[in-house]
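**Q** Before anything else, here's the structure in question.
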Amino acid sequence: MNWSGLEALLSGVNKYSTAFGRVWLSMVFVFRVMVFVVAAQRVWGDDSKDFDCNTRQPGCSNVCYDHIFPISHIRLWALQLIFVTCPSLMVVGHVKFRESKDMKYTTSHNGKHLYAHPGKKRGGLWWTYLCSLIFKAGFDAGFLYVLYYIYEGYDLPRVYKCDMEPCPNQVDCYISRPTEKKIFTLFMVVSSAVCILMCICEMVYLIFKRIKKLMLKKREADRKMFVESHEMAPLAQPRSMYRSKSSMRVDPTASVQNLSNDKAEEKTSKL
């Protein structure tokens, strides 16, 4: 498998990732892909050849090997690395879609851009990035569970008991370099767990950053409304005074002469 091509393809994700995403990608290619390509494949390369059972019954060793190792560790890790790295392509594809959409918009609108920064995690791209993190953490956790379920743990014993047909009775089977394989298994398990932790940290970081941004936007909107309401208050006060003065009730049946007589009586009473 050409892992260098996958690395070159995913290296573009660094431009759109946070600090946690860059650390995750570095861990995947340094501590998992490199170890897988350089060391792990050689350790498990002679697994079936050096698997030995203390019987000469034809077919017994093959049946016991298939029962003990239904899927090889090395092939399971290859599938895991493929599934874990593929969600990052969702982000790259979404950014490329935005860039092509922005290019068409610029062509039809005389140089105006639809997106100021197509790679900025806003709107749908934010949700795409968050979903990719969920998929990556879910795939890693799922493969760890599959490995634990198939082999009943992450330990590789030196001797396996097998009583499958066509073995004449219960036989002892031995694998090659069990200690070395156990060390590599634990290393891959721990590196997968650290990658899951990095994905969770990045999800928490993105969510809290989004919540903080929404709270700041809401606070800014409230402050703007408060300032506008205080600016309108001085303008509203003279109107209310004018309304209060003009709201004095006058008897419509009173004549002009009666009104003048009433005013004259008020003046004499004051004197």
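Following the order of the structure tokens, chains are lettered A, B, ..., residues in each are numbered from 1, and ligands are numbered from 1.
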Find the residues near segment 196-212 of chain A: any atom within 10 Å, counting only C-alpha atoms, skip ones fewer than 6 places away on the same chain, and give them as a PyMOL selection string.
**A** chain A and resi 17-25+27+121-122+126+129-141+190+218
**Q** Report as a Markdown table: every residue of segment 141-209 of chain A with an atom at most 12 Å from segment 45-62 of chain A, its closest pair of atoms, and their distance in Å to one decimal, counting only C-alpha atoms, with rows sorted by chain and ascending residue number.
**A**
```
| residue | atom | partner | partner_atom | distance |
| --- | --- | --- | --- | --- |
| A:Arg158 | CA | A:Phe51 | CA | 11.0 |
| A:Val159 | CA | A:Cys53 | CA | 9.4 |
| A:Tyr160 | CA | A:Cys53 | CA | 9.0 |
| A:Lys161 | CA | A:Cys53 | CA | 9.4 |
| A:Cys162 | CA | A:Cys53 | CA | 8.8 |
| A:Asp163 | CA | A:Cys60 | CA | 9.0 |
| A:Met164 | CA | A:Cys60 | CA | 7.5 |
| A:Glu165 | CA | A:Cys60 | CA | 7.0 |
| A:Pro166 | CA | A:Cys60 | CA | 5.7 |
| A:Cys167 | CA | A:Cys60 | CA | 5.1 |
| A:Pro168 | CA | A:Gln57 | CA | 7.4 |
| A:Asn169 | CA | A:Thr55 | CA | 9.3 |
| A:Gln170 | CA | A:Thr55 | CA | 9.7 |
| A:Val171 | CA | A:Asn54 | CA | 6.2 |
| A:Asp172 | CA | A:Cys53 | CA | 5.6 |
| A:Cys173 | CA | A:Cys53 | CA | 4.0 |
| A:Tyr174 | CA | A:Asp52 | CA | 5.3 |
| A:Ile175 | CA | A:Phe51 | CA | 4.8 |
| A:Ser176 | CA | A:Asp50 | CA | 5.7 |
| A:Arg177 | CA | A:Asp47 | CA | 8.9 |
| A:Pro178 | CA | A:Asp47 | CA | 10.1 |
| A:Lys181 | CA | A:Asp47 | CA | 10.0 |
```
**Q** What does the distance between atom CA of Tyr145 of chain A and atom CA of Val13 of chain A come to in Å, to one decimal place?
**A**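 Spanning atom CA of Tyr145 of chain A to atom CA of Val13 of chain A is a straight-line distance of 27.5 Å.
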**Q** List every residue of segment 69-265 of chain A that DSSP, applied to the backbone, labels as strand (DSSP E), and write the result as a ChimeraX atom specification.
**A** /A:159-162,171-174
**Q** In Å, rounded to a single decimal, give me how far atom CA of Ser88 of chain A is from atom CA of Asp102 of chain A.
**A** 21.6 Å
**Q** Could you check the closest approach to Phe36 of chain A for each of A:Leu79, A:Met103, A:Met188, A:Val146 and tell me which residue wins, using only C-alpha atoms?
**A**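 Using only C-alpha atoms, the shortest distance to Phe36 of chain A belongs to A:Met188.
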**Q** Taking the backbone alone, and naming residues the way the document does, which bits of segment 33-233 of chain A are helix (DSSP H, G or I) by DSSP, as a PyMOL selection string?
**A** chain A and resi 33-43+60-68+73-85+87-108+124-151+178-233
**Q** So which residues touch Leu147 of chain A within 9 Å, counting only C-alpha atoms, skipping near sequence neighbours fewer than 6 positions away, as an mmCIF file with N, CA and C atoms, in the first residue's frame?
**A**
```
data_model
loop_
_atom_site.group_PDB
_atom_site.id
_atom_site.type_symbol
_atom_site.label_atom_id
_atom_site.label_comp_id
_atom_site.auth_asym_id
_atom_site.auth_seq_id
_atom_site.Cartn_x
_atom_site.Cartn_y
_atom_site.Cartn_z
ATOM 1 N N HIS A 73 -3.631 -9.096 12.914
ATOM 2 C CA HIS A 73 -3.500 -7.766 13.498
ATOM 3 C C HIS A 73 -3.093 -6.737 12.450
ATOM 4 N N LEU A 76 -5.990 -5.780 10.231
ATOM 5 C CA LEU A 76 -6.964 -4.998 10.994
ATOM 6 C C LEU A 76 -6.475 -3.570 11.196
ATOM 7 N N GLY A 153 -9.027 -9.503 24.587
ATOM 8 C CA GLY A 153 -8.027 -8.675 25.272
ATOM 9 C C GLY A 153 -6.923 -8.287 24.315
ATOM 10 N N TYR A 154 -5.952 -7.590 24.841
ATOM 11 C CA TYR A 154 -4.822 -7.144 24.035
ATOM 12 C C TYR A 154 -3.547 -7.923 24.342
#
```
**Q** For Ser26 of chain A, which of A:Met90, A:Met225, A:Val194, A:Val95 is the closest residue, counting only C-alpha atoms?
**A**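 Among the listed residues, the smallest separation from Ser26 of chain A belongs to A:Val194.
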**Q** Could you tell me how far atom CA of Val63 of chain A sits from atom CA of Ile183 of chain A, in Å to one decimal place?
**A**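 Distance between the two atoms: 26.0 Å.
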